[in-house]
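Asker: Pasting a structure below so you can have a look.
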Amino acid sequence: MAFSGEYRLSADYRAIKKKLKDPVYIQHSLQNCIETEQLSQDTVLAKIVSSTLDGQIVHYIFRFIDQDPDLPYLEVDWQGTDPHALMPKGHHRIWFRKEGRTTIMKIESELHTTLNGKLVFNDPEKTNAIMSDYFSRFVDEFNHPKERTMKNDKPELDEVLNEAKNAVEELEVEAESAAAKGFLGGAQMWAWIALAILVILLLVLY
């Protein structure tokens with residue numbers, strides 16, 4: 001699925017690009033991220049404690065395609081390193097244009113979730129909300145660094161996560177009954193519904 005948005009920042013685009021690529025910022029911006037490592041000039045590895053996979057540590061690679069620091073354009077590829085895990089991956093194209101004393105940051109993103117090499121459904125509304133929240137927080141923290149502290153706890157997302165977890169628990173109970181009756185195609189259909197909700201949980205976390 002696709003996401004797009006425009007944001008206004010009170011800074012030069014070179015400084016914005018530098019912060020987007022900063023391993024320290026990446027660690028603070030990702031919930032449950034315990035460590036980031038600069039693998040190369042344009043590659044960062046993030047280690048994240050999963051809240052849905054029994055505390056398992058998952059790894060994400062961020063690759064920044066930045067052909068020229070003076071070019072008002074940046075691309076970002078990010079994805080999990082385990083092809084057998086249920087994880088979203090994406091690609092951001094980011095343009096910058098000067099407008100007075102501010103910079104307009106235009107973003108176009110493509111996001112997918114795969115499991116064993118196969119695409120899995122993503123809820124467009126949930127994904128758009130999460131992506132919008134991520135970039136809005138980036139803009140807010142960049143424009144007002146003294147007014148906001150970058151923490152790993154995100155109350156708004158935690159509330160969404162708890163609601164989603166409750167939905168999964170309720171779904172498990174309903175699935176047992178529905179599968180026995182053959183409702184909505186039986187157990188297989190309910191399994192796909194549960195899988196879609198799990199994807200939402202992962203998107204909320206990462």
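Ordering of the structure tokens sets the chain letters (A, B, ...); residue numbers start at 1 within each chain; ligands are numbered from 1 in the order shown.
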When you look at A:Ser132 with a cut-off of 12 Å (counting only C-alpha atoms), what residues show up, excluding the ones that are within fewer than 2 positions of it in the same chain? I need them as a list in words.

Answerer: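 Near neighbours after the sequence-gap exclusion: Ala2, Phe3, Ser4, Gly5, Glu6, Tyr7, Ile107, Glu108, Ser109, Pro124, Glu125, Lys126, Thr127, Asn128, Ala129, Ile130, Tyr134, Phe135, Ser136, Arg137, Phe138, Val139 and Val204 of chain A.
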
Asker: Near A:Ile65, within 8 Å and counting only C-alpha atoms, which residues show up once chain neighbours fewer than 3 positions away are dropped, as a ChimeraX atom specification?

Answerer: /A:42,74-76

Asker: What's the separation between atom CA of A:Pro72 and atom CA of A:Gln41, in Å to one decimal place?

Answerer: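 So the two atoms, atom CA of A:Pro72 and atom CA of A:Gln41, lie 18.2 Å apart.
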
Asker: Nearest to A:Gln31 among A:Ala46, A:Ala11, A:Ile94, A:Leu71, with distances taken over only C-alpha atoms: which residue is it?

Answerer: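 Closest residue, counting only C-alpha atoms: A:Ala46.
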